[in-house]
file data-v7.txt (compact mmCIF, C-alpha atoms)
# COMPACT_ATOMS: atom_id res chain seq x y z
CA MET A 1 19.06 -103.12 6.62
CA ALA A 2 20.21 -100.56 4.09
CA PRO A 3 19.08 -97.03 4.96
CA GLN A 4 16.31 -95.71 2.75
CA GLU A 5 17.29 -92.65 0.78
CA ASN A 6 14.65 -89.99 1.14
CA PRO A 7 14.77 -87.92 -2.00
CA ALA A 8 14.97 -84.23 -1.16
CA LEU A 9 11.70 -82.40 -1.69
CA SER A 10 11.82 -78.84 -2.81
CA GLY A 11 9.32 -76.15 -3.39
CA PRO A 12 9.00 -72.41 -3.74
CA ILE A 13 8.52 -69.88 -0.96
CA LEU A 14 4.76 -69.43 -0.80
CA GLU A 15 4.98 -65.71 -0.03
CA GLU A 16 7.00 -65.06 -3.18
CA GLN A 17 4.40 -66.52 -5.44
CA ASP A 18 3.15 -63.85 -7.84
CA GLU A 19 -0.50 -64.64 -7.72
CA PHE A 20 -3.01 -67.02 -6.24
CA SER A 21 -6.30 -68.26 -7.54
CA ILE A 22 -9.30 -68.24 -5.24
CA THR A 23 -9.12 -72.02 -5.03
CA GLU A 24 -5.54 -71.79 -3.83
CA ILE A 25 -6.42 -69.17 -1.23
CA CYS A 26 -9.22 -71.41 0.04
CA SER A 27 -6.92 -74.41 0.20
CA ILE A 28 -4.12 -72.59 1.95
CA CYS A 29 -6.44 -70.96 4.47
CA ALA A 30 -8.52 -74.15 4.77
CA VAL A 31 -11.80 -72.28 4.44
CA GLU A 32 -14.80 -72.33 2.15
CA GLU A 33 -14.99 -70.00 -0.81
CA ARG A 34 -17.84 -68.16 0.89
CA GLN A 35 -15.46 -66.85 3.57
CA ILE A 36 -12.98 -65.59 1.02
CA LEU A 37 -15.76 -63.83 -0.87
CA GLU A 38 -16.75 -62.18 2.39
CA LEU A 39 -13.22 -60.82 2.72
CA VAL A 40 -13.46 -59.39 -0.79
CA GLU A 41 -16.80 -57.81 0.04
CA GLN A 42 -15.27 -56.13 3.07
CA GLY A 43 -12.40 -54.79 1.01
CA ILE A 44 -9.89 -56.80 3.03
CA ILE A 45 -8.49 -58.32 -0.15
CA GLU A 46 -8.98 -57.30 -3.73
CA THR A 47 -9.02 -59.25 -6.90
CA HIS A 48 -6.89 -57.82 -9.64
CA SER A 49 -8.89 -58.99 -12.57
CA VAL A 50 -12.62 -59.28 -13.17
CA THR A 51 -12.76 -62.41 -15.27
CA GLN A 52 -10.44 -64.61 -13.25
CA TRP A 53 -9.93 -64.00 -9.59
CA HIS A 54 -6.26 -63.41 -8.86
CA PHE A 55 -4.85 -62.48 -5.49
CA SER A 56 -1.39 -61.33 -4.48
CA ALA A 57 0.84 -62.67 -1.70
CA SER A 58 -0.08 -59.61 0.30
CA ASP A 59 -3.78 -60.52 -0.09
CA LEU A 60 -2.98 -64.00 1.16
CA ARG A 61 -1.30 -62.58 4.23
CA ARG A 62 -4.24 -60.27 4.94
CA ALA A 63 -6.70 -63.11 4.41
CA ARG A 64 -4.90 -65.36 6.86
CA ILE A 65 -4.70 -62.72 9.54
CA SER A 66 -8.38 -61.81 9.11
CA LEU A 67 -9.47 -65.40 9.27
CA ARG A 68 -7.40 -66.03 12.38
CA LEU A 69 -8.81 -62.93 14.07
CA GLN A 70 -12.31 -64.08 13.22
CA ARG A 71 -11.68 -67.59 14.41
CA ASP A 72 -9.71 -66.84 17.54
CA LEU A 73 -11.03 -63.51 18.79
CA GLY A 74 -14.57 -63.53 17.44
CA VAL A 75 -13.92 -60.42 15.36
CA ASN A 76 -16.36 -60.01 12.49
CA PRO A 77 -15.05 -59.27 8.98
CA ALA A 78 -15.65 -55.51 9.29
CA GLY A 79 -13.69 -55.50 12.55
CA ALA A 80 -10.92 -57.57 10.98
CA ALA A 81 -10.63 -55.01 8.18
CA LEU A 82 -10.19 -52.27 10.77
CA VAL A 83 -7.61 -54.26 12.72
CA LEU A 84 -5.59 -54.86 9.56
CA ASP A 85 -5.52 -51.18 8.73
CA LEU A 86 -4.43 -50.34 12.26
CA LEU A 87 -1.76 -53.05 12.19
CA GLU A 88 -0.37 -51.56 9.01
CA ARG A 89 -0.22 -48.14 10.61
CA VAL A 90 1.53 -49.55 13.68
CA GLU A 91 4.08 -51.35 11.51
CA SER A 92 4.76 -48.24 9.51
CA LEU A 93 5.21 -46.20 12.69
CA GLU A 94 7.52 -48.82 14.17
CA ARG A 95 9.67 -48.73 11.06
CA ARG A 96 9.98 -44.98 11.43
CA VAL A 97 10.95 -45.18 15.09
CA HIS A 98 13.44 -47.90 14.23
CA ARG A 99 15.10 -45.74 11.60
CA ASP A 100 15.44 -42.77 13.86
CA THR A 101 16.93 -44.65 16.81
CA MET T 1 5.00 -84.33 33.38
CA ASP T 2 4.27 -80.84 34.61
CA PHE T 3 0.94 -80.11 36.21
CA LYS T 4 -0.84 -77.14 34.65
CA ASP T 5 -2.80 -74.86 36.91
CA TYR T 6 -5.41 -73.66 34.48
CA TYR T 7 -6.98 -71.30 37.00
CA ALA T 8 -3.66 -69.57 37.55
CA ILE T 9 -3.02 -69.42 33.81
CA MET T 10 -6.34 -67.68 33.31
CA GLY T 11 -6.00 -65.56 36.42
CA VAL T 12 -9.35 -66.61 37.86
CA PRO T 13 -10.21 -68.13 41.25
CA ARG T 14 -11.35 -71.74 41.42
CA GLU T 15 -14.90 -70.56 42.20
CA ALA T 16 -15.08 -68.39 39.10
CA THR T 17 -18.37 -68.52 37.24
CA ALA T 18 -18.55 -69.57 33.61
CA GLU T 19 -19.09 -65.94 32.69
CA GLN T 20 -15.98 -64.84 34.59
CA VAL T 21 -13.94 -67.52 32.85
CA LYS T 22 -15.23 -66.36 29.48
CA GLN T 23 -14.41 -62.72 30.23
CA ALA T 24 -10.93 -63.69 31.37
CA TYR T 25 -10.40 -65.65 28.18
CA ARG T 26 -11.50 -62.78 25.97
CA LYS T 27 -9.10 -60.37 27.61
CA LEU T 28 -6.16 -62.76 27.51
CA ALA T 29 -6.87 -63.87 23.94
CA ARG T 30 -6.80 -60.26 22.79
CA LYS T 31 -3.64 -59.62 24.74
CA TYR T 32 -1.67 -62.59 23.44
CA HIS T 33 -3.04 -63.27 19.98
CA PRO T 34 0.11 -63.57 17.83
CA ASP T 35 -1.29 -61.42 15.03
CA VAL T 36 -1.79 -58.40 17.26
CA SER T 37 0.31 -58.96 20.35
CA LYS T 38 3.61 -57.29 21.14
CA GLU T 39 4.18 -59.43 24.21
CA LYS T 40 7.15 -61.74 24.46
CA ASP T 41 6.21 -65.39 23.94
CA ALA T 42 2.78 -64.26 22.76
CA GLU T 43 2.23 -67.40 20.81
CA ALA T 44 3.13 -69.76 23.64
CA ARG T 45 0.96 -67.81 26.06
CA PHE T 46 -1.94 -67.76 23.62
CA LYS T 47 -1.82 -71.52 23.25
CA GLU T 48 -1.57 -71.95 27.00
CA VAL T 49 -4.58 -69.73 27.59
CA GLY T 50 -6.53 -71.47 24.83
CA GLU T 51 -5.85 -74.83 26.38
CA ALA T 52 -6.85 -73.62 29.85
CA TYR T 53 -10.07 -72.17 28.48
CA GLU T 54 -10.81 -75.36 26.60
CA VAL T 55 -10.93 -77.18 29.91
CA LEU T 56 -12.53 -74.56 32.15
CA ARG T 57 -15.34 -73.58 29.81
CA ASP T 58 -16.63 -77.15 29.46
CA PRO T 59 -18.55 -78.15 32.61
CA GLU T 60 -17.56 -81.82 32.25
CA LYS T 61 -13.88 -81.19 31.69
CA ARG T 62 -13.80 -78.58 34.42
CA ALA T 63 -15.44 -80.91 36.90
CA ALA T 64 -12.98 -83.66 36.03
CA TYR T 65 -10.05 -81.27 36.25
CA ASP T 66 -11.21 -79.92 39.61
CA GLN T 67 -10.97 -83.44 41.01
CA LEU T 68 -7.21 -83.29 40.55
CA GLY T 69 -6.99 -80.54 43.15
CA SER T 70 -4.11 -78.14 42.95
CA GLY T 71 -1.58 -80.61 41.70
CA PRO T 72 1.35 -82.45 43.29
CA PRO T 73 3.76 -80.73 45.71
CA PRO T 74 6.40 -78.63 43.95
CA GLY T 75 9.12 -80.75 42.42
CA GLN T 76 6.93 -83.78 42.09
CA SER T 77 5.91 -84.95 38.67
CA PHE T 78 2.23 -85.35 37.82
CA ARG T 79 0.47 -88.52 36.67
CA PRO T 80 -3.23 -88.87 35.92
CA PRO T 81 -5.05 -90.98 38.54
CA PRO T 82 -5.73 -94.57 37.42
CA ASP T 83 -9.49 -94.17 37.27
CA TRP T 84 -9.28 -90.87 35.45
CA GLY T 85 -12.19 -89.99 33.28
CA SER T 86 -14.47 -92.77 34.43
CA GLY T 87 -18.00 -91.47 34.46
CA PHE T 88 -17.13 -88.65 32.11
CA GLU T 89 -17.59 -88.53 28.40
CA PHE T 90 -15.35 -86.03 26.73
CA ARG T 91 -16.68 -84.87 23.45
CA GLY T 92 -14.09 -85.13 20.73
CA ALA T 93 -14.25 -84.12 17.11
CA GLY T 94 -16.82 -81.50 16.34
CA HIS T 95 -16.71 -80.02 19.81
CA ALA T 96 -16.76 -76.26 19.82
CA GLY T 97 -13.37 -74.86 20.82
CA PRO T 98 -12.39 -71.54 22.35
CA GLY T 99 -12.69 -69.50 19.19
CA GLU T 100 -16.04 -67.77 18.90
CA ASN T 101 -16.62 -69.56 15.63
CA GLY T 102 -16.30 -72.85 17.41
CA ASN T 103 -12.81 -73.95 16.57
CA ALA T 104 -9.86 -75.03 18.65
CA ALA T 105 -7.84 -71.85 18.64
CA PHE T 106 -4.74 -73.51 19.96
CA GLY T 107 -4.35 -75.46 16.73
CA GLY T 108 -0.75 -76.27 17.53
CA ASP T 109 0.49 -78.77 20.08
CA ALA T 110 -1.59 -79.21 23.18
CA SER T 111 0.55 -79.77 26.25
CA GLU T 112 1.47 -83.26 27.41
CA PHE T 113 -0.62 -82.57 30.50
CA PHE T 114 -3.74 -81.83 28.44
CA GLU T 115 -3.19 -84.79 26.14
CA SER T 116 -2.82 -87.22 29.01
CA LEU T 117 -6.09 -86.09 30.55
CA PHE T 118 -8.34 -85.24 27.66
CA GLY T 119 -6.90 -87.15 24.75
CA ARG T 120 -6.64 -85.97 21.21
CA GLY T 121 -10.29 -85.63 20.41
CA GLY T 122 -10.70 -83.58 17.33
CA PHE T 123 -8.00 -80.99 17.88
CA GLY T 124 -5.74 -80.89 14.91
CA ARG T 125 -2.10 -80.84 15.96
CA GLY T 126 0.27 -78.51 14.14
CA PHE T 127 -2.54 -78.15 11.71
CA GLU T 128 -4.55 -75.08 10.77
CA GLN T 129 -8.21 -75.81 11.20
CA GLY T 130 -10.82 -74.98 8.63
CA ALA T 131 -13.47 -72.73 10.12
CA GLY T 132 -16.69 -74.35 11.18
CA HIS T 133 -15.23 -77.78 11.65
CA GLY T 134 -13.51 -79.40 14.57
CA GLY T 135 -11.01 -82.06 13.60
CA PHE T 136 -11.12 -83.18 10.02
CA GLY T 137 -13.37 -81.17 7.80
CA ARG T 138 -15.49 -83.28 5.57
CA THR T 139 -15.92 -80.60 2.97
CA ARG T 140 -15.79 -81.74 -0.60
CA ARG T 141 -12.92 -80.46 -2.61
CA ASP T 142 -11.56 -81.27 -6.00
CA ARG T 143 -8.28 -82.13 -4.35
CA GLY T 144 -7.03 -83.13 -0.92
CA GLU T 145 -6.65 -80.50 1.76
CA ASP T 146 -3.42 -78.63 2.17
CA HIS T 147 -1.43 -79.68 5.17
CA HIS T 148 0.27 -77.14 7.38
CA ALA T 149 3.17 -77.85 9.68
CA ARG T 150 5.75 -75.80 11.55
CA VAL T 151 9.40 -76.65 11.35
CA THR T 152 12.45 -75.22 13.07
CA VAL T 153 15.73 -75.04 11.19
CA ASP T 154 19.13 -73.55 11.85
CA LEU T 155 19.67 -70.06 10.44
CA GLU T 156 22.44 -71.35 8.15
CA ALA T 157 19.79 -73.24 6.21
CA SER T 158 18.42 -69.92 5.02
CA LEU T 159 21.76 -68.13 4.77
CA GLU T 160 23.24 -70.75 2.50
CA GLY T 161 20.27 -72.80 1.39
CA GLY T 162 20.55 -76.51 1.98
CA THR T 163 18.71 -79.74 2.63
CA ARG T 164 17.46 -80.64 6.09
CA ALA T 165 15.76 -83.73 7.51
CA LEU T 166 12.51 -82.64 9.14
CA THR T 167 10.21 -84.77 11.27
CA LEU T 168 6.56 -83.83 11.35
CA SER T 169 3.63 -85.04 13.38
CA VAL T 170 0.89 -85.35 10.87
CA PRO T 171 -2.78 -86.07 11.45
CA ALA T 172 -4.01 -89.03 9.46
CA MET T 173 -7.09 -91.14 9.31
CA ALA T 174 -6.87 -94.62 10.78
CA GLU T 175 -8.88 -97.41 9.15
CA ASP T 176 -11.62 -97.06 11.74
CA GLY T 177 -12.09 -93.46 10.69
CA ARG T 178 -10.63 -91.96 13.86
CA PRO T 179 -7.98 -89.28 13.63
CA GLN T 180 -4.51 -90.22 14.75
CA LEU T 181 -1.01 -88.79 14.58
CA ARG T 182 1.76 -90.18 12.47
CA GLN T 183 5.42 -89.28 12.32
CA ARG T 184 6.78 -88.41 8.94
CA THR T 185 10.39 -87.57 8.09
CA LEU T 186 11.09 -85.58 4.99
CA ASN T 187 14.28 -84.37 3.38
CA VAL T 188 13.50 -80.82 2.36
CA ARG T 189 15.51 -78.26 0.41
CA ILE T 190 15.35 -75.03 2.39
CA PRO T 191 15.20 -72.12 -0.06
CA ARG T 192 18.04 -69.68 0.38
CA GLY T 193 16.89 -66.42 1.94
CA ILE T 194 13.63 -67.73 3.39
CA GLN T 195 12.38 -65.71 6.35
CA ALA T 196 10.81 -66.85 9.59
CA GLY T 197 7.06 -67.20 9.14
CA GLN T 198 7.30 -67.87 5.42
CA HIS T 199 6.20 -71.19 4.00
CA ILE T 200 7.80 -73.75 1.74
CA ARG T 201 5.16 -75.10 -0.59
CA LEU T 202 5.65 -78.80 -1.29
CA ALA T 203 3.22 -79.69 -4.03
CA GLY T 204 1.29 -82.90 -3.66
CA GLN T 205 2.63 -83.75 -0.21
CA GLY T 206 -0.56 -82.86 1.61
CA GLN T 207 -3.24 -85.11 2.95
CA THR T 208 -5.08 -87.47 0.70
CA LEU T 209 -8.62 -87.87 1.95
CA PRO T 210 -10.24 -91.23 1.41
CA GLY T 211 -11.72 -91.23 -2.06
CA GLU T 212 -9.59 -88.32 -3.27
CA SER T 213 -7.17 -88.95 -6.05
CA LYS T 214 -5.15 -85.76 -5.95
CA ALA T 215 -3.25 -84.79 -2.81
CA GLY T 216 -3.13 -81.21 -1.59
CA ASP T 217 0.09 -79.38 -0.82
CA LEU T 218 2.21 -79.44 2.31
CA LEU T 219 2.95 -75.95 3.56
CA LEU T 220 5.88 -75.84 5.95
CA GLU T 221 6.11 -72.73 8.07
CA VAL T 222 9.75 -72.01 8.78
CA GLY T 223 11.05 -70.90 12.15
CA PHE T 224 14.67 -70.48 13.19
CA ALA T 225 16.48 -71.97 16.14
CA PRO T 226 18.38 -69.36 18.17
CA HIS T 227 21.71 -68.49 16.58
CA PRO T 228 24.84 -67.62 18.57
CA LEU T 229 25.49 -64.43 16.58
CA TYR T 230 22.48 -63.23 14.62
CA ARG T 231 18.87 -62.44 15.51
CA PRO T 232 16.68 -62.52 12.41
CA GLU T 233 13.84 -60.04 12.09
CA GLY T 234 12.11 -60.31 8.75
CA ARG T 235 14.85 -60.29 6.19
CA ASP T 236 17.23 -58.35 8.43
CA LEU T 237 19.72 -59.71 10.93
CA TYR T 238 20.72 -58.12 14.22
CA LEU T 239 24.09 -58.59 15.86
CA ASP T 240 25.22 -57.29 19.24
CA LEU T 241 28.62 -55.70 18.59
CA PRO T 242 30.84 -55.11 21.63
CA VAL T 243 33.10 -52.06 21.38
CA ALA T 244 35.58 -50.45 23.75
CA PRO T 245 34.64 -47.07 25.22
CA TRP T 246 37.34 -45.29 23.22
CA GLU T 247 36.18 -46.95 20.00
CA ALA T 248 32.70 -45.56 20.55
CA ALA T 249 33.82 -42.14 21.73
CA LEU T 250 36.66 -41.52 19.28
CA GLY T 251 35.50 -43.66 16.41
CA ALA T 252 37.33 -46.72 15.06
CA SER T 253 37.39 -49.33 12.36
CA VAL T 254 36.49 -52.74 13.82
CA PRO T 255 36.07 -56.25 12.39
CA VAL T 256 32.50 -57.54 12.35
CA PRO T 257 31.36 -61.07 11.55
CA THR T 258 28.76 -61.28 8.79
CA PRO T 259 27.22 -64.30 7.08
CA GLY T 260 29.44 -63.56 4.10
CA GLY T 261 32.65 -63.29 6.11
CA THR T 262 34.34 -60.74 8.36
CA VAL T 263 34.14 -57.11 7.29
CA GLU T 264 35.63 -53.88 8.64
CA LEU T 265 33.04 -51.50 10.01
CA LYS T 266 33.65 -47.84 10.65
CA ILE T 267 32.32 -46.79 14.06
CA PRO T 268 31.57 -43.06 13.93
CA ALA T 269 33.07 -40.89 16.67
CA GLY T 270 30.58 -40.02 19.36
CA SER T 271 28.65 -43.28 19.03
CA ARG T 272 26.53 -44.38 21.96
CA ALA T 273 25.54 -47.73 23.36
CA GLY T 274 22.54 -49.08 21.46
CA SER T 275 23.37 -47.27 18.23
CA ARG T 276 22.56 -49.32 15.17
CA LEU T 277 25.00 -49.40 12.29
CA ARG T 278 23.62 -50.77 9.07
CA LEU T 279 25.55 -53.10 6.81
CA ARG T 280 23.49 -53.02 3.67
CA GLY T 281 22.63 -56.22 1.91
CA ARG T 282 24.29 -58.44 4.50
CA GLY T 283 21.10 -59.84 6.00
CA LEU T 284 19.14 -62.79 4.70
CA PRO T 285 19.72 -63.38 0.98
CA ALA T 286 16.01 -62.99 0.18
CA LYS T 287 14.69 -61.88 -3.22
CA GLU T 288 15.49 -58.40 -1.92
CA ALA T 289 18.48 -58.91 0.37
CA GLY T 290 18.03 -57.81 3.94
CA ASP T 291 20.49 -55.78 5.99
CA LEU T 292 22.69 -56.61 8.95
CA TYR T 293 22.39 -54.23 11.87
CA ALA T 294 25.28 -54.08 14.33
CA VAL T 295 23.95 -52.86 17.67
CA LEU T 296 26.76 -51.29 19.70
CA GLN T 297 27.37 -52.62 23.19
CA VAL T 298 29.99 -50.59 25.04
CA VAL T 299 32.08 -52.94 27.14
CA LEU T 300 34.34 -51.74 29.97
CA PRO T 301 37.88 -53.08 30.00
CA PRO T 302 38.58 -54.70 33.38
CA ALA T 303 40.53 -52.58 35.91
CA ASP T 304 42.75 -55.52 36.72
CA SER T 305 46.22 -54.03 36.46
CA ASP T 306 47.94 -51.00 37.96
CA SER T 307 48.21 -49.30 34.60
CA ALA T 308 44.56 -49.95 33.80
CA ARG T 309 43.50 -48.55 37.17
CA ALA T 310 45.75 -45.55 36.68
CA ALA T 311 44.26 -44.93 33.27
CA TYR T 312 40.74 -45.08 34.67
CA SER T 313 41.57 -42.63 37.43
CA ALA T 314 43.23 -40.28 34.95
CA PHE T 315 40.14 -40.49 32.77
CA ALA T 316 37.86 -39.71 35.70
CA GLU T 317 39.91 -36.62 36.45
CA ALA T 318 40.23 -35.52 32.87
CA ALA T 319 36.57 -35.83 31.93
CA PRO T 320 34.42 -35.41 35.00
CA PHE T 321 30.75 -36.06 34.31
CA ASN T 322 27.64 -37.20 36.16
CA PRO T 323 26.02 -40.24 34.55
CA ARG T 324 23.08 -39.95 36.97
CA SER T 325 22.12 -36.39 36.26
CA SER T 326 18.87 -37.50 34.63
CA LEU T 327 17.87 -39.10 37.94
CA GLY T 328 18.14 -35.76 39.69
CA VAL T 329 20.95 -36.93 42.00

call {"tool": "encode", "arguments": {"input": "data-v7.txt", "output": "structure tokens"}}
result
Amino acid sequence: MAPQENPALSGPILEEQDEFSITEICSICAVEERQILELVEQGIIETHSVTQWHFSASDLRRARISLRLQRDLGVNPAGAALVLDLLERVESLERRVHRDT
Amino acid sequence: MDFKDYYAIMGVPREATAEQVKQAYRKLARKYHPDVSKEKDAEARFKEVGEAYEVLRDPEKRAAYDQLGSGPPPGQSFRPPPDWGSGFEFRGAGHAGPGENGNAAFGGDASEFFESLFGRGGFGRGFEQGAGHGGFGRTRRDRGEDHHARVTVDLEASLEGGTRALTLSVPAMAEDGRPQLRQRTLNVRIPRGIQAGQHIRLAGQGQTLPGESKAGDLLLEVGFAPHPLYRPEGRDLYLDLPVAPWEAALGASVPVPTPGGTVELKIPAGSRAGSRLRLRGRGLPAKEAGDLYAVLQVVLPPADSDSARAAYSAFAEAAPFNPRSSLGV
């Protein structure tokens, strides 16, 4: 039997995408729009335009972390916002320690 | 297969109350959650703990598990007893998992041990769960759901770019409506410079729900297999660079392997073990190229000849010092 040739699939790096619509964020995070709106309300992610909701790759990352914290550790959105801020501080401190070693 | 001692994993005695099990889970989940944990193997531990909790928090599963006792003698493989599960009904899809919102938090692979005893139920394998649903969410969308899967590739795939054959276990719907796993092999172009944890977005390769015309995307999360030379961290690479004591103390120019070929690196005089020397732009070829950090490891030449031994003794006399002074001895 002749081997089947699987055509090579290619696609972009998700994290390098310039912007995401709210539908895309919902799809990628596999959540309902309501949960994304909650993240916006808490200031965890921000839309960059009023008419059409656009989110950055950094927003996507924050959304995923928040949703995982909520799902896995029972953190509420306000708590998730706090954790994200603290994580950012820790990362920034670690970079500084790294540099000075 | 290996027997899993869920009580040991959770650090609770066999007589622990449901409340004690829950408290133990909360502490361990916080400790090992990959988004916040600095522990080694955080992700593996988190999954392990999640799986243990999944069994111990459910009175039926716990009772069934307790019947197995403490497992076979060390060295012996485990097999479920022939009449396993008779008299028990294990709830499957829709069952509330360990996460407080009711979702299986160990979304990735359950262990072979767990699978053999409790079956697949509704736990999505290698598949991020939508909140509020166990198993396959029946939410209405204008397109199929995005699929998530994790793949491991060699570091060269990112350094050079290239196509790799990847095999995924993918949840699918059998005709009778029950979830099942299928194997799927894809030839995928790995984008040059991709970092661990980033995703390749394959449009239209996601799940097609019954009745949906448009498929969602397949998001492949990339991880790297260990590499003999380089340790990737973000877009940077780390390399342990052995140097001779005189090279570190007096300075030297030494050859260093980099993804782009061997380069000469100047070791400054007075360098110490653990010093990091940065080779700019020689890390992963991401949009913004990462750096390569050579971490100095001072290696002692063996004292295996008369002249080497003589040199060591001469050195000891010429530069007496106490390496243990910080210990107060």

call {"tool": "atom_distance", "arguments": {"input": "data-v7.txt", "atom1": "atom CA of Ile200 of chain T", "atom2": "atom CA of Glu94 of chain A"}}
result
27.9 Å

call {"tool": "atom_distance", "arguments": {"input": "data-v7.txt", "atom1": "atom CA of Gln183 of chain T", "atom2": "atom CA of Thr167 of chain T"}}
result
6.7 Å

call {"tool": "atom_distance", "arguments": {"input": "data-v7.txt", "atom1": "atom CA of Glu32 of chain A", "atom2": "atom CA of Gly216 of chain T"}}
result
15.1 Å

call {"tool": "closest_atom_pairs", "arguments": {"input": "data-v7.txt", "of": "chain A", "to": "chain T", "cutoff": "8 Å", "atoms": "all atoms listed in the file", "output": "CSV"}}
result
residue,atom,partner,partner_atom,distance
A:Asn6,CA,T:Asn187,CA,6.1
A:Pro7,CA,T:Asn187,CA,6.5
A:Ala8,CA,T:Asn187,CA,4.6
A:Leu9,CA,T:Val188,CA,4.7
A:Ser10,CA,T:Arg189,CA,4.9
A:Gly11,CA,T:Leu202,CA,5.0
A:Pro12,CA,T:Arg201,CA,5.6
A:Ile13,CA,T:Ile200,CA,4.8
A:Leu14,CA,T:His199,CA,5.3
A:Glu15,CA,T:Gln198,CA,6.3
A:Ser27,CA,T:Asp146,CA,5.8
A:Ile28,CA,T:Asp146,CA,6.1
A:Cys29,CA,T:Gly130,CA,7.3
A:Ala30,CA,T:Gly130,CA,4.6
A:Val31,CA,T:Gly130,CA,5.1
A:Ile65,CA,T:Asp35,CA,6.6
A:Leu69,CA,T:Asp35,CA,7.7
A:Gln70,CA,T:Asn101,CA,7.4
A:Arg71,CA,T:Gly99,CA,5.2
A:Asp72,CA,T:Gly99,CA,4.3
A:Leu73,CA,T:Gly99,CA,6.2
A:Gly74,CA,T:Glu100,CA,4.7
A:Leu87,CA,T:Val36,CA,7.4
A:Thr101,CA,T:Ser275,CA,7.1

call {"tool": "residues_around", "arguments": {"input": "data-v7.txt", "residues": "Asp85 of chain A", "least_positions_apart": "4", "cutoff": "12 Å", "atoms": "only C-alpha atoms", "output": "JSON, numbers by chain"}}
result
{"A": [43, 44, 45, 62, 65, 66, 78, 79, 80, 81, 89, 90, 91, 92], "T": [36]}

call {"tool": "residues_around", "arguments": {"input": "data-v7.txt", "residues": "Leu239 of chain T", "least_positions_apart": "3", "cutoff": "7 Å", "atoms": "all atoms listed in the file", "output": "PDB file with C-alpha atoms, in the coordinates of the input"}}
result
ATOM      1  CA  LEU T 229      25.490 -64.430  16.580  1.00  0.00           C
ATOM      2  CA  TYR T 230      22.480 -63.230  14.620  1.00  0.00           C
ATOM      3  CA  ARG T 231      18.870 -62.440  15.510  1.00  0.00           C
ATOM      4  CA  TYR T 293      22.390 -54.230  11.870  1.00  0.00           C
ATOM      5  CA  ALA T 294      25.280 -54.080  14.330  1.00  0.00           C
ATOM      6  CA  VAL T 295      23.950 -52.860  17.670  1.00  0.00           C
TER       7      VAL T 295
END

call {"tool": "axis_aligned_box", "arguments": {"input": "data-v7.txt", "around": "segment 292-309 of chain T", "padding_each_side": "8 Å", "output": "AutoDock Vina command-line options"}}
result
--center_x 35.3 --center_y -52.6 --center_z 23.5 --size_x 41.8 --size_y 24.1 --size_z 45.0

call {"tool": "residues_around", "arguments": {"input": "data-v7.txt", "residues": "segment 35-38 of chain A", "least_positions_apart": "6", "cutoff": "9 Å", "atoms": "all atoms listed in the file", "output": "list in words"}}
result
Ile22, Ile25, Cys26, Ile44, Ile45, Ala63, Leu67 and Pro77 of chain A

call {"tool": "residues_near_point", "arguments": {"input": "data-v7.txt", "point": "(-6.0, -61.1, -9.6)", "cutoff": "12 Å", "atoms": "only C-alpha atoms", "output": "NGL selection string"}}
result
:A and (18-22 or 25 or 40 or 45-60)

call {"tool": "residues_around", "arguments": {"input": "data-v7.txt", "residues": "Gln23 of chain T", "least_positions_apart": "6", "cutoff": "10 Å", "atoms": "all atoms listed in the file", "output": "PDB file with C-alpha atoms, in the frame of the given file"}}
result
ATOM      1  CA  MET T  10      -6.340 -67.680  33.310  1.00  0.00           C
ATOM      2  CA  VAL T  12      -9.350 -66.610  37.860  1.00  0.00           C
ATOM      3  CA  THR T  17     -18.370 -68.520  37.240  1.00  0.00           C
ATOM      4  CA  ALA T  29      -6.870 -63.870  23.940  1.00  0.00           C
TER       5      ALA T  29
END

call {"tool": "build_atoms", "arguments": {"input": "data-v7.txt", "residues": "segment 72-77 of chain A", "atoms": "N, CA, C and O atoms", "output": "PDB file, in the coordinates of the input"}}
result
ATOM      1  N   ASP A  72     -10.239 -66.791  16.188  1.00  0.00           N
ATOM      2  CA  ASP A  72      -9.710 -66.840  17.540  1.00  0.00           C
ATOM      3  C   ASP A  72     -10.281 -65.766  18.462  1.00  0.00           C
ATOM      4  O   ASP A  72     -10.376 -65.971  19.669  1.00  0.00           O
ATOM      5  N   LEU A  73     -10.595 -64.603  17.928  1.00  0.00           N
ATOM      6  CA  LEU A  73     -11.030 -63.510  18.790  1.00  0.00           C
ATOM      7  C   LEU A  73     -12.468 -63.110  18.549  1.00  0.00           C
ATOM      8  O   LEU A  73     -12.948 -62.147  19.128  1.00  0.00           O
ATOM      9  N   GLY A  74     -13.154 -63.824  17.668  1.00  0.00           N
ATOM     10  CA  GLY A  74     -14.570 -63.530  17.440  1.00  0.00           C
ATOM     11  C   GLY A  74     -14.791 -62.205  16.749  1.00  0.00           C
ATOM     12  O   GLY A  74     -15.887 -61.646  16.797  1.00  0.00           O
ATOM     13  N   VAL A  75     -13.764 -61.684  16.096  1.00  0.00           N
ATOM     14  CA  VAL A  75     -13.920 -60.420  15.360  1.00  0.00           C
ATOM     15  C   VAL A  75     -14.746 -60.708  14.109  1.00  0.00           C
ATOM     16  O   VAL A  75     -14.575 -61.738  13.487  1.00  0.00           O
ATOM     17  N   ASN A  76     -15.639 -59.810  13.752  1.00  0.00           N
ATOM     18  CA  ASN A  76     -16.360 -60.010  12.490  1.00  0.00           C
ATOM     19  C   ASN A  76     -15.530 -59.413  11.351  1.00  0.00           C
ATOM     20  O   ASN A  76     -14.552 -58.696  11.598  1.00  0.00           O
ATOM     21  N   PRO A  77     -15.883 -59.716  10.095  1.00  0.00           N
ATOM     22  CA  PRO A  77     -15.050 -59.270   8.980  1.00  0.00           C
ATOM     23  C   PRO A  77     -14.821 -57.758   8.955  1.00  0.00           C
ATOM     24  O   PRO A  77     -13.704 -57.307   8.684  1.00  0.00           O
TER      25      PRO A  77
END
